[in-house]
$ cat query.txt   # compact mmCIF, C-alpha atoms and all ligand atoms
# COMPACT_ATOMS: atom_id res chain seq x y z
CA MET A 1 132.39 82.55 154.11
CA LEU A 2 131.09 85.54 156.07
CA LYS A 3 134.41 87.37 156.16
CA GLY A 4 133.92 90.96 155.05
CA LYS A 5 130.14 90.58 154.64
CA ARG A 6 128.03 93.47 155.93
CA ILE A 7 124.90 92.48 157.79
CA LEU A 8 122.24 94.98 158.81
CA LEU A 9 120.48 93.34 161.76
CA VAL A 10 117.02 94.63 162.60
CA ILE A 11 115.96 93.68 166.11
CA SER A 12 112.28 93.96 166.90
CA GLY A 13 110.53 93.76 170.25
CA GLY A 14 110.10 90.35 171.85
CA ILE A 15 111.51 88.06 174.50
CA ALA A 16 113.67 86.39 171.84
CA ALA A 17 115.57 89.66 171.32
CA TYR A 18 118.21 88.45 173.79
CA LYS A 19 119.15 85.76 171.25
CA ALA A 20 120.07 88.52 168.80
CA LEU A 21 123.02 89.36 171.07
CA GLU A 22 124.40 85.85 170.63
CA LEU A 23 123.81 86.11 166.86
CA ILE A 24 125.84 89.34 166.70
CA ARG A 25 128.74 87.63 168.48
CA ARG A 26 128.66 84.60 166.18
CA LEU A 27 128.52 86.77 163.05
CA ARG A 28 131.45 88.90 164.18
CA GLU A 29 133.49 85.81 165.15
CA ARG A 30 133.15 84.77 161.50
CA GLY A 31 134.42 88.09 160.21
CA ALA A 32 131.12 89.75 159.28
CA SER A 33 130.44 93.34 160.26
CA VAL A 34 127.10 93.88 161.96
CA ARG A 35 125.21 97.15 162.15
CA CYS A 36 122.03 97.12 164.23
CA VAL A 37 118.69 98.88 164.01
CA LEU A 38 116.25 98.56 166.89
CA SER A 39 112.51 98.73 166.27
CA ARG A 40 110.30 100.98 168.38
CA SER A 41 109.80 98.40 171.12
CA ALA A 42 113.08 96.45 170.94
CA ALA A 43 114.77 98.62 173.56
CA HIS A 44 112.31 97.21 176.14
CA PHE A 45 113.96 93.82 175.66
CA VAL A 46 117.65 94.54 174.93
CA THR A 47 119.57 97.65 175.78
CA PRO A 48 121.11 99.73 172.98
CA LEU A 49 124.28 99.73 175.08
CA SER A 50 124.73 95.95 175.00
CA VAL A 51 123.87 95.81 171.30
CA SER A 52 126.39 98.55 170.58
CA ALA A 53 129.09 96.91 172.72
CA LEU A 54 128.70 93.58 170.93
CA SER A 55 128.39 94.97 167.41
CA GLY A 56 131.20 97.46 167.96
CA ASP A 57 129.12 100.10 166.20
CA LYS A 58 126.54 102.74 166.90
CA VAL A 59 122.98 101.47 167.26
CA TYR A 60 120.27 103.11 165.14
CA GLY A 61 116.68 103.50 166.23
CA GLU A 62 115.26 106.95 165.67
CA ILE A 63 114.10 107.87 162.21
CA PHE A 64 113.89 111.55 163.03
CA SER A 65 117.18 111.75 164.89
CA LEU A 66 119.11 114.61 163.32
CA THR A 67 122.42 113.17 164.44
CA ASP A 68 121.62 109.74 163.00
CA GLU A 69 120.46 111.16 159.68
CA ALA A 70 123.48 113.42 159.41
CA GLU A 71 125.90 110.56 160.09
CA MET A 72 124.12 107.84 158.15
CA GLY A 73 120.75 108.33 156.42
CA HIS A 74 118.24 105.52 156.48
CA ILE A 75 118.70 104.86 152.76
CA GLN A 76 122.45 104.60 153.24
CA LEU A 77 121.93 102.07 156.05
CA SER A 78 120.16 99.72 153.63
CA ARG A 79 122.60 100.43 150.81
CA ASP A 80 125.64 99.68 152.89
CA ALA A 81 124.56 96.11 153.68
CA ASP A 82 124.95 92.87 151.76
CA LEU A 83 122.05 91.27 153.60
CA LEU A 84 119.31 92.49 155.94
CA VAL A 85 118.43 90.11 158.76
CA VAL A 86 115.42 90.62 161.02
CA ALA A 87 115.80 88.66 164.28
CA PRO A 88 113.52 88.47 166.07
CA ALA A 89 110.78 89.47 163.64
CA SER A 90 107.64 90.19 165.66
CA ALA A 91 104.10 89.77 164.31
CA ASP A 92 103.84 93.56 164.33
CA LEU A 93 106.96 94.13 162.26
CA LEU A 94 105.99 91.39 159.77
CA ALA A 95 102.60 93.11 159.38
CA ARG A 96 104.23 96.48 158.80
CA MET A 97 106.68 94.97 156.29
CA ALA A 98 103.87 93.21 154.42
CA ALA A 99 101.90 96.45 154.27
CA GLY A 100 104.92 98.45 153.10
CA MET A 101 104.81 100.80 156.06
CA ALA A 102 107.64 103.10 157.09
CA ASP A 103 106.57 104.23 160.52
CA ASP A 104 109.84 103.67 162.32
CA LEU A 105 113.46 103.29 161.26
CA ALA A 106 113.30 99.46 161.27
CA ALA A 107 110.32 99.41 158.87
CA THR A 108 111.82 102.20 156.78
CA VAL A 109 115.16 100.49 156.12
CA LEU A 110 113.27 97.32 155.21
CA LEU A 111 111.12 99.23 152.74
CA ALA A 112 114.00 101.24 151.34
CA THR A 113 116.17 98.24 150.53
CA ASP A 114 116.79 96.35 147.33
CA LYS A 115 119.01 93.90 149.18
CA PRO A 116 117.94 90.36 150.19
CA VAL A 117 116.06 90.13 153.47
CA LEU A 118 116.07 87.14 155.82
CA VAL A 119 113.63 87.11 158.72
CA ALA A 120 113.49 84.94 161.84
CA PRO A 121 109.97 85.25 163.25
CA ALA A 122 109.30 84.95 166.98
CA MET A 123 105.89 85.22 168.57
CA ASN A 124 103.22 83.42 170.52
CA VAL A 125 101.85 80.32 168.78
CA ARG A 126 98.38 81.83 168.35
CA MET A 127 99.82 84.99 166.85
CA TRP A 128 101.91 82.91 164.42
CA THR A 129 99.00 80.69 163.35
CA HIS A 130 96.53 83.59 163.11
CA PRO A 131 95.27 84.02 159.53
CA ALA A 132 96.42 87.64 159.57
CA THR A 133 100.05 86.67 160.28
CA GLN A 134 99.92 83.80 157.81
CA ARG A 135 98.58 86.22 155.19
CA ASN A 136 101.45 88.59 155.89
CA VAL A 137 103.99 85.76 155.72
CA ALA A 138 102.59 84.60 152.37
CA GLN A 139 102.76 88.16 151.07
CA LEU A 140 106.35 88.59 152.21
CA GLN A 141 107.34 85.24 150.69
CA ALA A 142 105.77 86.31 147.41
CA ASP A 143 107.84 89.49 147.68
CA GLY A 144 111.00 87.37 147.92
CA VAL A 145 111.66 87.67 151.65
CA GLN A 146 113.45 84.58 153.02
CA PHE A 147 112.38 82.94 156.29
CA VAL A 148 114.22 80.88 158.86
CA GLY A 149 111.88 79.28 161.40
CA PRO A 150 109.93 79.70 163.53
CA VAL A 151 110.28 76.33 165.22
CA ASP A 152 108.09 74.36 167.63
CA GLY A 153 108.95 74.70 171.26
CA ALA A 154 108.07 75.85 174.73
CA MET A 155 107.46 79.58 174.94
CA ALA A 156 107.90 82.23 177.55
CA CYS A 157 104.10 82.50 177.65
CA ASN A 158 103.84 78.87 178.89
CA GLU A 159 102.44 77.61 175.62
CA TYR A 160 103.93 75.13 173.19
CA GLY A 161 103.92 75.13 169.41
CA PRO A 162 105.30 76.94 166.39
CA GLY A 163 106.37 80.52 166.99
CA ARG A 164 109.66 80.14 168.80
CA MET A 165 112.56 81.87 167.11
CA SER A 166 115.24 79.63 165.55
CA GLU A 167 118.40 79.36 167.61
CA PRO A 168 121.22 81.79 166.73
CA MET A 169 123.29 78.98 165.17
CA GLU A 170 120.37 78.03 162.91
CA ILE A 171 119.96 81.64 161.85
CA LEU A 172 123.69 81.78 161.23
CA ALA A 173 123.44 78.67 159.03
CA ALA A 174 120.60 80.31 157.09
CA ILE A 175 122.73 83.44 156.62
CA GLU A 176 125.66 81.34 155.41
CA ALA A 177 123.32 79.48 153.05
CA GLN A 178 122.24 82.84 151.62
CA PHE A 179 125.79 83.68 150.71
CA ALA A 180 126.74 80.13 149.70
CA GLY A 181 123.83 79.87 147.28
CA GLY A 182 124.70 83.23 145.77
CA ILE A 183 122.10 85.61 147.09
CA ARG A 184 119.08 85.46 144.86
CA ALA A 185 117.10 88.36 143.59
CA PRO A 186 113.47 88.34 144.69
CA PHE A 187 111.47 85.66 142.91
CA HIS A 188 109.15 86.76 140.13
CA ALA A 189 106.43 84.20 139.67
CA GLY A 190 106.04 85.05 136.01
CA ALA A 191 109.61 84.28 134.99
CA PRO A 192 109.52 80.86 133.29
CA ASP A 193 113.03 79.78 134.17
CA ALA A 194 113.10 81.23 137.65
CA LEU A 195 114.19 78.78 140.28
CA THR A 196 111.44 78.02 142.71
CA PRO A 197 112.83 79.60 145.84
CA ILE A 198 112.77 77.99 149.23
CA THR A 199 111.72 81.03 151.12
CA SER A 200 110.97 79.57 154.53
CA GLN A 201 110.99 76.36 156.49
CA PRO A 202 107.72 74.96 155.18
CA LEU A 203 108.76 71.41 156.02
CA ALA A 204 109.60 72.06 159.67
CA GLY A 205 108.34 69.12 161.73
CA LYS A 206 108.21 66.74 158.73
CA LYS A 207 110.36 63.63 158.72
CA VAL A 208 111.61 62.60 155.28
CA ILE A 209 113.63 59.55 154.24
CA VAL A 210 115.80 59.98 151.14
CA THR A 211 117.76 57.21 149.43
CA SER A 212 120.74 58.12 147.30
CA GLY A 213 123.69 56.68 145.37
CA PRO A 214 124.27 53.21 144.01
CA THR A 215 124.31 49.94 145.90
CA HIS A 216 127.24 47.56 145.86
CA GLU A 217 126.31 43.90 145.64
CA PRO A 218 129.23 41.67 146.63
CA ILE A 219 130.40 38.78 144.47
CA ASP A 220 133.24 37.78 146.73
CA PRO A 221 135.34 39.69 149.31
CA VAL A 222 137.05 41.82 146.63
CA ARG A 223 134.49 42.15 143.82
CA TYR A 224 131.06 43.65 143.60
CA ILE A 225 128.35 44.65 141.14
CA ALA A 226 127.68 48.39 141.03
CA ASN A 227 126.29 51.10 138.75
CA ARG A 228 127.22 54.61 137.69
CA SER A 229 125.02 56.57 140.11
CA SER A 230 126.99 59.42 141.73
CA GLY A 231 124.41 60.23 144.41
CA LYS A 232 124.47 63.91 143.38
CA GLN A 233 120.71 64.14 142.83
CA GLY A 234 119.74 62.30 146.01
CA HIS A 235 122.19 64.28 148.13
CA ALA A 236 120.97 67.56 146.61
CA ILE A 237 117.40 66.58 147.51
CA ALA A 238 118.41 65.79 151.09
CA THR A 239 120.16 69.18 151.31
CA ALA A 240 117.19 71.11 149.94
CA LEU A 241 114.72 69.31 152.20
CA ALA A 242 116.87 70.05 155.25
CA GLN A 243 117.09 73.70 154.24
CA ALA A 244 113.30 73.72 154.10
CA GLY A 245 113.27 72.58 157.71
CA ALA A 246 112.61 68.84 157.29
CA ASP A 247 114.15 66.23 159.56
CA VAL A 248 116.01 64.31 156.86
CA ILE A 249 117.35 60.77 157.06
CA LEU A 250 119.61 60.10 154.11
CA VAL A 251 120.19 56.42 153.43
CA SER A 252 123.14 56.45 151.08
CA GLY A 253 125.00 53.82 149.13
CA PRO A 254 128.77 54.28 148.58
CA VAL A 255 129.39 57.77 147.12
CA ASN A 256 132.23 60.27 146.93
CA LEU A 257 130.25 63.18 148.31
CA PRO A 258 130.40 65.03 151.62
CA ASP A 259 127.49 64.52 154.01
CA PRO A 260 124.87 67.23 153.46
CA LYS A 261 124.58 69.72 156.32
CA GLY A 262 121.89 69.18 158.90
CA VAL A 263 121.01 65.69 157.66
CA ARG A 264 121.27 62.35 159.45
CA VAL A 265 123.22 60.02 157.15
CA ILE A 266 123.04 56.24 157.28
CA ARG A 267 125.68 54.61 155.09
CA VAL A 268 124.88 51.27 153.51
CA GLU A 269 126.40 49.02 150.84
CA THR A 270 123.78 46.61 149.62
CA ALA A 271 120.13 46.86 148.60
CA ARG A 272 119.17 44.69 151.54
CA ASP A 273 120.93 47.03 153.99
CA MET A 274 119.20 50.00 152.36
CA PHE A 275 115.86 48.23 152.67
CA SER A 276 116.38 47.59 156.42
CA ALA A 277 117.59 51.13 157.09
CA CYS A 278 114.51 52.61 155.39
CA PHE A 279 112.05 50.36 157.22
CA LEU A 280 113.75 50.95 160.57
CA ASN A 281 113.15 54.67 160.12
CA LEU A 282 109.41 54.43 159.50
CA PRO A 283 107.04 56.06 160.16
CA ALA A 284 107.95 59.11 158.12
CA ASP A 285 105.92 61.84 156.43
CA ALA A 286 107.57 61.41 153.04
CA ALA A 287 110.09 59.13 151.35
CA ILE A 288 112.07 59.98 148.24
CA PHE A 289 113.79 57.10 146.46
CA ALA A 290 116.59 58.59 144.42
CA ALA A 291 119.00 55.68 144.83
CA ALA A 292 119.93 53.52 141.88
CA VAL A 293 119.33 50.27 143.69
CA ALA A 294 120.71 47.13 142.04
CA ASP A 295 117.79 45.00 140.94
CA TRP A 296 119.86 41.85 141.29
CA ARG A 297 122.50 40.46 143.60
CA VAL A 298 124.63 37.36 143.43
CA ALA A 299 122.54 34.61 145.03
CA VAL A 300 125.37 33.20 147.09
CA GLU A 301 128.24 35.50 147.90
CA SER A 302 131.54 33.64 148.04
CA ASP A 303 133.40 34.14 151.31
CA LYS A 304 136.68 33.52 149.48
CA LYS A 305 138.04 35.31 146.45
CA LEU A 306 136.96 33.44 143.30
CA LYS A 307 139.98 31.95 141.52
CA LYS A 308 140.53 31.28 137.86
CA THR A 309 139.97 27.60 137.30
CA GLY A 310 141.14 26.41 133.90
CA ASP A 311 139.29 27.81 130.89
CA VAL A 312 135.80 27.95 132.33
CA ALA A 313 134.57 31.38 133.39
CA PRO A 314 132.49 31.23 136.56
CA SER A 315 128.76 31.75 136.10
CA LEU A 316 126.99 33.85 138.65
CA GLN A 317 123.58 32.80 139.89
CA MET A 318 121.52 35.98 140.50
CA ALA A 319 118.70 36.63 142.96
CA GLU A 320 116.27 39.55 142.93
CA ASN A 321 116.78 42.29 145.49
CA PRO A 322 113.87 43.62 147.54
CA ASP A 323 112.19 46.58 145.85
CA ILE A 324 112.39 49.22 148.58
CA LEU A 325 110.18 51.78 146.86
CA ARG A 326 107.48 49.23 146.13
CA ALA A 327 107.60 47.72 149.61
CA ILE A 328 107.29 51.09 151.35
CA ALA A 329 104.57 52.33 149.00
CA ASN A 330 102.60 49.16 149.79
CA THR A 331 103.24 49.03 153.49
CA ASP A 332 100.43 49.28 156.03
CA ALA A 333 98.66 52.62 156.23
CA LYS A 334 100.00 53.28 159.73
CA ARG A 335 103.59 53.29 158.53
CA ARG A 336 103.23 54.35 154.90
CA PRO A 337 104.54 57.89 154.34
CA ALA A 338 101.83 60.24 153.08
CA LEU A 339 103.99 60.96 150.05
CA VAL A 340 106.14 58.31 148.34
CA VAL A 341 108.25 59.52 145.42
CA GLY A 342 110.19 57.25 143.10
CA PHE A 343 112.66 57.94 140.32
CA ALA A 344 112.68 56.39 136.90
CA ALA A 345 115.82 56.50 134.83
CA GLU A 346 114.76 55.71 131.29
CA THR A 347 116.58 55.85 127.99
CA ASP A 348 113.44 56.01 125.84
CA HIS A 349 109.62 56.43 126.17
CA VAL A 350 110.53 58.27 129.37
CA VAL A 351 107.06 59.47 130.40
CA ASP A 352 105.14 56.35 129.29
CA TYR A 353 107.43 54.06 131.23
CA ALA A 354 107.25 56.38 134.24
CA ARG A 355 103.43 56.26 134.21
CA ALA A 356 103.55 52.47 134.16
CA LYS A 357 106.04 52.54 137.03
CA LEU A 358 103.72 54.76 139.09
CA ASP A 359 101.07 52.02 138.96
CA LYS A 360 103.43 49.09 139.29
CA LYS A 361 105.05 50.48 142.43
CA ALA A 362 101.93 52.16 143.87
CA CYS A 363 103.88 55.32 144.65
CA ASP A 364 102.46 58.85 144.49
CA TRP A 365 104.88 60.60 142.17
CA ILE A 366 107.63 59.55 139.82
CA LEU A 367 110.43 61.88 138.79
CA ALA A 368 111.36 60.49 135.43
CA ASN A 369 114.71 61.39 133.99
CA ASP A 370 116.29 60.87 130.65
CA ALA A 371 119.25 58.61 131.35
CA SER A 372 120.30 57.96 127.76
CA PRO A 373 124.11 58.03 127.38
CA GLN A 374 123.95 61.33 125.44
CA SER A 375 122.05 63.03 128.30
CA GLY A 376 125.14 62.87 130.54
CA VAL A 377 122.87 62.53 133.57
CA PHE A 378 124.92 59.85 135.35
CA GLY A 379 127.67 61.68 137.18
CA GLY A 380 126.76 65.00 135.54
CA ASP A 381 125.50 68.13 137.28
CA GLU A 382 122.32 68.60 135.26
CA ASN A 383 119.10 66.72 134.85
CA THR A 384 116.05 66.82 132.59
CA VAL A 385 113.07 65.51 134.50
CA HIS A 386 109.32 65.10 134.24
CA LEU A 387 107.18 65.01 137.36
CA VAL A 388 104.58 62.31 136.77
CA THR A 389 101.64 62.22 139.17
CA ARG A 390 98.20 60.64 138.93
CA ASP A 391 96.88 64.01 137.76
CA GLY A 392 99.29 64.61 134.92
CA VAL A 393 102.83 65.35 133.86
CA GLU A 394 104.94 68.43 134.44
CA ASP A 395 107.91 68.80 132.10
CA TRP A 396 110.72 70.65 133.82
CA PRO A 397 113.35 72.37 131.71
CA ARG A 398 116.93 71.09 131.82
CA MET A 399 118.38 72.43 135.06
CA SER A 400 121.04 71.74 137.65
CA LYS A 401 120.50 68.86 140.04
CA GLN A 402 120.39 71.43 142.82
CA ALA A 403 117.58 73.29 141.07
CA VAL A 404 115.69 70.00 140.56
CA ALA A 405 116.09 69.33 144.27
CA GLU A 406 114.77 72.79 145.20
CA LYS A 407 111.84 72.54 142.81
CA LEU A 408 110.93 69.10 144.14
CA THR A 409 111.19 70.42 147.69
CA ALA A 410 108.84 73.27 146.83
CA ARG A 411 106.37 70.75 145.34
CA ILE A 412 106.59 68.62 148.48
CA ALA A 413 105.94 71.70 150.62
CA ASP A 414 102.88 72.48 148.45
CA PHE A 415 101.69 68.90 148.93
CA PHE A 416 101.82 69.16 152.69
CA LYS A 417 100.15 72.55 152.60
CA SER A 418 97.25 71.52 150.38
CA GLY A 419 97.39 67.73 150.12
CA VAL A 420 97.59 67.90 146.32
CA VAL A 421 100.00 68.94 143.60
CA ASP A 422 99.19 70.71 140.36
CA ALA A 423 100.71 68.94 137.41
N1 LIG B 1 114.07 51.09 143.66
C1 LIG B 1 114.09 50.62 144.96
N2 LIG B 1 114.50 49.35 145.21
C2 LIG B 1 114.89 48.53 144.23
C3 LIG B 1 114.88 49.01 142.91
C4 LIG B 1 114.46 50.30 142.66
O1 LIG B 1 113.74 51.35 145.86
N3 LIG B 1 115.28 47.33 144.50
C5 LIG B 1 113.59 52.45 143.38
C6 LIG B 1 114.63 53.40 142.89
O2 LIG B 1 115.24 54.11 143.96
C7 LIG B 1 113.80 54.32 142.02
C8 LIG B 1 112.81 53.40 141.41
O3 LIG B 1 112.66 52.34 142.32
O4 LIG B 1 113.10 55.27 142.76
C9 LIG B 1 113.28 52.90 140.08
O5 LIG B 1 112.56 51.80 139.70
P1 LIG B 1 113.25 50.51 139.06
O6 LIG B 1 112.30 49.37 139.20
O7 LIG B 1 114.64 50.36 139.52
O8 LIG B 1 113.37 50.93 137.65
P2 LIG B 1 114.05 50.05 136.67
O9 LIG B 1 114.95 49.04 137.33
O10 LIG B 1 114.66 50.98 135.72
O11 LIG B 1 112.80 49.26 136.16
P3 LIG B 1 112.72 48.61 134.77
O12 LIG B 1 113.94 47.78 134.68
O13 LIG B 1 111.44 47.87 134.88
O14 LIG B 1 112.68 49.80 133.86

$ encode --input "query.txt" --output "structure tokens"
Amino acid sequence: MLKGKRILLVISGGIAAYKALELIRRLRERGASVRCVLSRSAAHFVTPLSVSALSGDKVYGEIFSLTDEAEMGHIQLSRDADLLVVAPASADLLARMAAGMADDLAATVLLATDKPVLVAPAMNVRMWTHPATQRNVAQLQADGVQFVGPVDGAMACNEYGPGRMSEPMEILAAIEAQFAGGIRAPFHAGAPDALTPITSQPLAGKKVIVTSGPTHEPIDPVRYIANRSSGKQGHAIATALAQAGADVILVSGPVNLPDPKGVRVIRVETARDMFSACFLNLPADAAIFAAAVADWRVAVESDKKLKKTGDVAPSLQMAENPDILRAIANTDAKRRPALVVGFAAETDHVVDYARAKLDKKACDWILANDASPQSGVFGGDENTVHLVTRDGVEDWPRMSKQAVAEKLTARIADFFKSGVVDA
């Protein structure tokens, strides 16, 4: 996926700069070419010689170097890249980027580019949580800059908390995701159809349970009751949440889909197995119930294959399955996720029925989708949904299931940031 891609890697000053060397190696192993720019202070932490040896290219650092400018001007450096990656991104460089400064070559190439920019911050926990840095991060996100990390961890300064740079393999995954998703142009808040971008890892440290797919309810050893759910929406949600940094547990019924990257998958068959798997994984910060759980099962499953006996068709005695969404939404406060989201597949009166379901199940949000046969939602790649909360209804335009997943993830991130959602 990275073969032939041109990465301009900006390394700024910080202990984590040594991890940039590993990142260069991993990128080149995958066929990408890497050209490096060192910020003013980076050379205190990694030597230009080792960066040059690993990247197989000259290292750039001086904006007023006549030789550098003659060989490759700073504008050309930005132009010649498919993606700019800043790793590590120090608090100082983030501040200069947010302010649009061009006081060294690193800041200048970042200002002169119209290419996507991915940054991997690394700094002391207090610097990261300082309102000034958070202001700069918010500004950069609004400008369309993508973030990977930082993560929680022990730091060189003997403190613990958010601020540690993501590991090289995580940065690599974020780079691959940039190319896999088709690199997006910076997000313009005013554009009505613009996808809500996941520009950082706002859900880092949050544990989220997602259910997906159908359930299979056995009749006998060879027959079962099922439904048409493909699992595409639930799996897309798990993927988007993981990309936003959440620790995702995907409890999936039988589906023909690959496991989403970076997600723990628990495979189940029946509603009762799904119920147990969800409860076993509590407590969690959020739970999203996208599975099409069978409401009913056969009361007594035959342990032998049912045989045709004369002219009488067998009649199946049904029993109600546990309602996982309702049970988790009503569980004790210690274990109840702060945000419980259900789905409602309706063929008519979509929003009215969804509102009723919100109360009946005691969940926080319902994503209601039009599941009428003409909508093509079952098995299809698109969805038309309405986000129903206690404060109102948001009608989302018809969009891909991936876009629904990303928009929902952005809403969940807003919820954890502010504790509320605008609808
Ligand atoms: N759900 C669940 N466990 C069940 C049934 C449903 O967790 N046993 C969840 C689904 O994952 C979904 C929501 O509940 O998030 C859908 O509600 P449901 O009661 O299945 O809707 P319908 O069956 O369509 O309800 P009704 O027949 O009343 O319309």

$ atom_distance --input "query.txt" --atom1 "CA of Ala413 (chain A)" --atom2 "CA of Pro202 (chain A)"
5.9 Å

$ axis_aligned_box --input "query.txt" --around "region 168-177 of chain A" --padding-each-side "6 Å" --output "AutoDock Vina command-line options"
--center_x 122.8 --center_y 80.7 --center_z 159.9 --size_x 17.7 --size_y 17.4 --size_z 25.7

$ atom_distance --input "query.txt" --atom1 "CA of Val59 (chain A)" --atom2 "CA of Ser33 (chain A)"
13.1 Å

$ atom_distance --input "query.txt" --atom1 "CA of Phe343 (chain A)" --atom2 "CA of Ala244 (chain A)"
21.0 Å

$ residues_near_ligand --input "query.txt" --ligand "ligand LIG 1 (chain B)" --cutoff "7 Å" --atoms "all atoms listed in the file" --output "PDB file with C-alpha atoms, in the frame of the given file"
ATOM      1  CA  THR A 211     117.760  57.210 149.430  1.00  0.00           C
ATOM      2  CA  ALA A 271     120.130  46.860 148.600  1.00  0.00           C
ATOM      3  CA  PHE A 289     113.790  57.100 146.460  1.00  0.00           C
ATOM      4  CA  ALA A 290     116.590  58.590 144.420  1.00  0.00           C
ATOM      5  CA  ALA A 291     119.000  55.680 144.830  1.00  0.00           C
ATOM      6  CA  ALA A 292     119.930  53.520 141.880  1.00  0.00           C
ATOM      7  CA  VAL A 293     119.330  50.270 143.690  1.00  0.00           C
ATOM      8  CA  ALA A 294     120.710  47.130 142.040  1.00  0.00           C
ATOM      9  CA  ASP A 295     117.790  45.000 140.940  1.00  0.00           C
ATOM     10  CA  ASN A 321     116.780  42.290 145.490  1.00  0.00           C
ATOM     11  CA  PRO A 322     113.870  43.620 147.540  1.00  0.00           C
ATOM     12  CA  ASP A 323     112.190  46.580 145.850  1.00  0.00           C
ATOM     13  CA  ILE A 324     112.390  49.220 148.580  1.00  0.00           C
ATOM     14  CA  LEU A 325     110.180  51.780 146.860  1.00  0.00           C
ATOM     15  CA  ARG A 326     107.480  49.230 146.130  1.00  0.00           C
ATOM     16  CA  VAL A 341     108.250  59.520 145.420  1.00  0.00           C
ATOM     17  CA  GLY A 342     110.190  57.250 143.100  1.00  0.00           C
ATOM     18  CA  PHE A 343     112.660  57.940 140.320  1.00  0.00           C
ATOM     19  CA  ALA A 344     112.680  56.390 136.900  1.00  0.00           C
ATOM     20  CA  ALA A 345     115.820  56.500 134.830  1.00  0.00           C
ATOM     21  CA  GLU A 346     114.760  55.710 131.290  1.00  0.00           C
TER      22      GLU A 346
END

$ residues_near_point --input "query.txt" --point "(118.1, 49.7, 154.2)" --cutoff "12 Å" --atoms "all atoms listed in the file" --output "PyMOL selection string"
chain A and resi 209-212+215+249-253+265-282+289+291+293+321-325+327-328

$ decode --input "query.txt" --residues "region 386-406 of chain A" --atoms "C-alpha atoms" --output "JSON list (two decimals), in the first residue's frame"
[["chain", "number", "residue", "atom", "x", "y", "z"],
["A", 386, "HIS", "CA", -31.53, 9.63, 12.03],
["A", 387, "LEU", "CA", -29.75, 10.16, 15.34],
["A", 388, "VAL", "CA", -32.48, 10.30, 17.98],
["A", 389, "THR", "CA", -31.46, 11.59, 21.41],
["A", 390, "ARG", "CA", -33.48, 12.94, 24.32],
["A", 391, "ASP", "CA", -32.74, 16.45, 23.01],
["A", 392, "GLY", "CA", -33.93, 15.99, 19.46],
["A", 393, "VAL", "CA", -33.38, 14.35, 16.10],
["A", 394, "GLU", "CA", -30.57, 14.81, 13.62],
["A", 395, "ASP", "CA", -31.37, 13.68, 10.08],
["A", 396, "TRP", "CA", -28.23, 12.51, 8.34],
["A", 397, "PRO", "CA", -28.14, 12.45, 4.55],
["A", 398, "ARG", "CA", -27.86, 9.11, 2.76],
["A", 399, "MET", "CA", -24.21, 8.11, 3.05],
["A", 400, "SER", "CA", -21.94, 5.10, 3.06],
["A", 401, "LYS", "CA", -21.93, 2.87, 6.11],
["A", 402, "GLN", "CA", -18.32, 3.89, 6.63],
["A", 403, "ALA", "CA", -19.32, 7.56, 6.69],
["A", 404, "VAL", "CA", -22.14, 6.79, 9.16],
["A", 405, "ALA", "CA", -19.57, 5.03, 11.34],
["A", 406, "GLU", "CA", -17.19, 8.00, 11.21]]
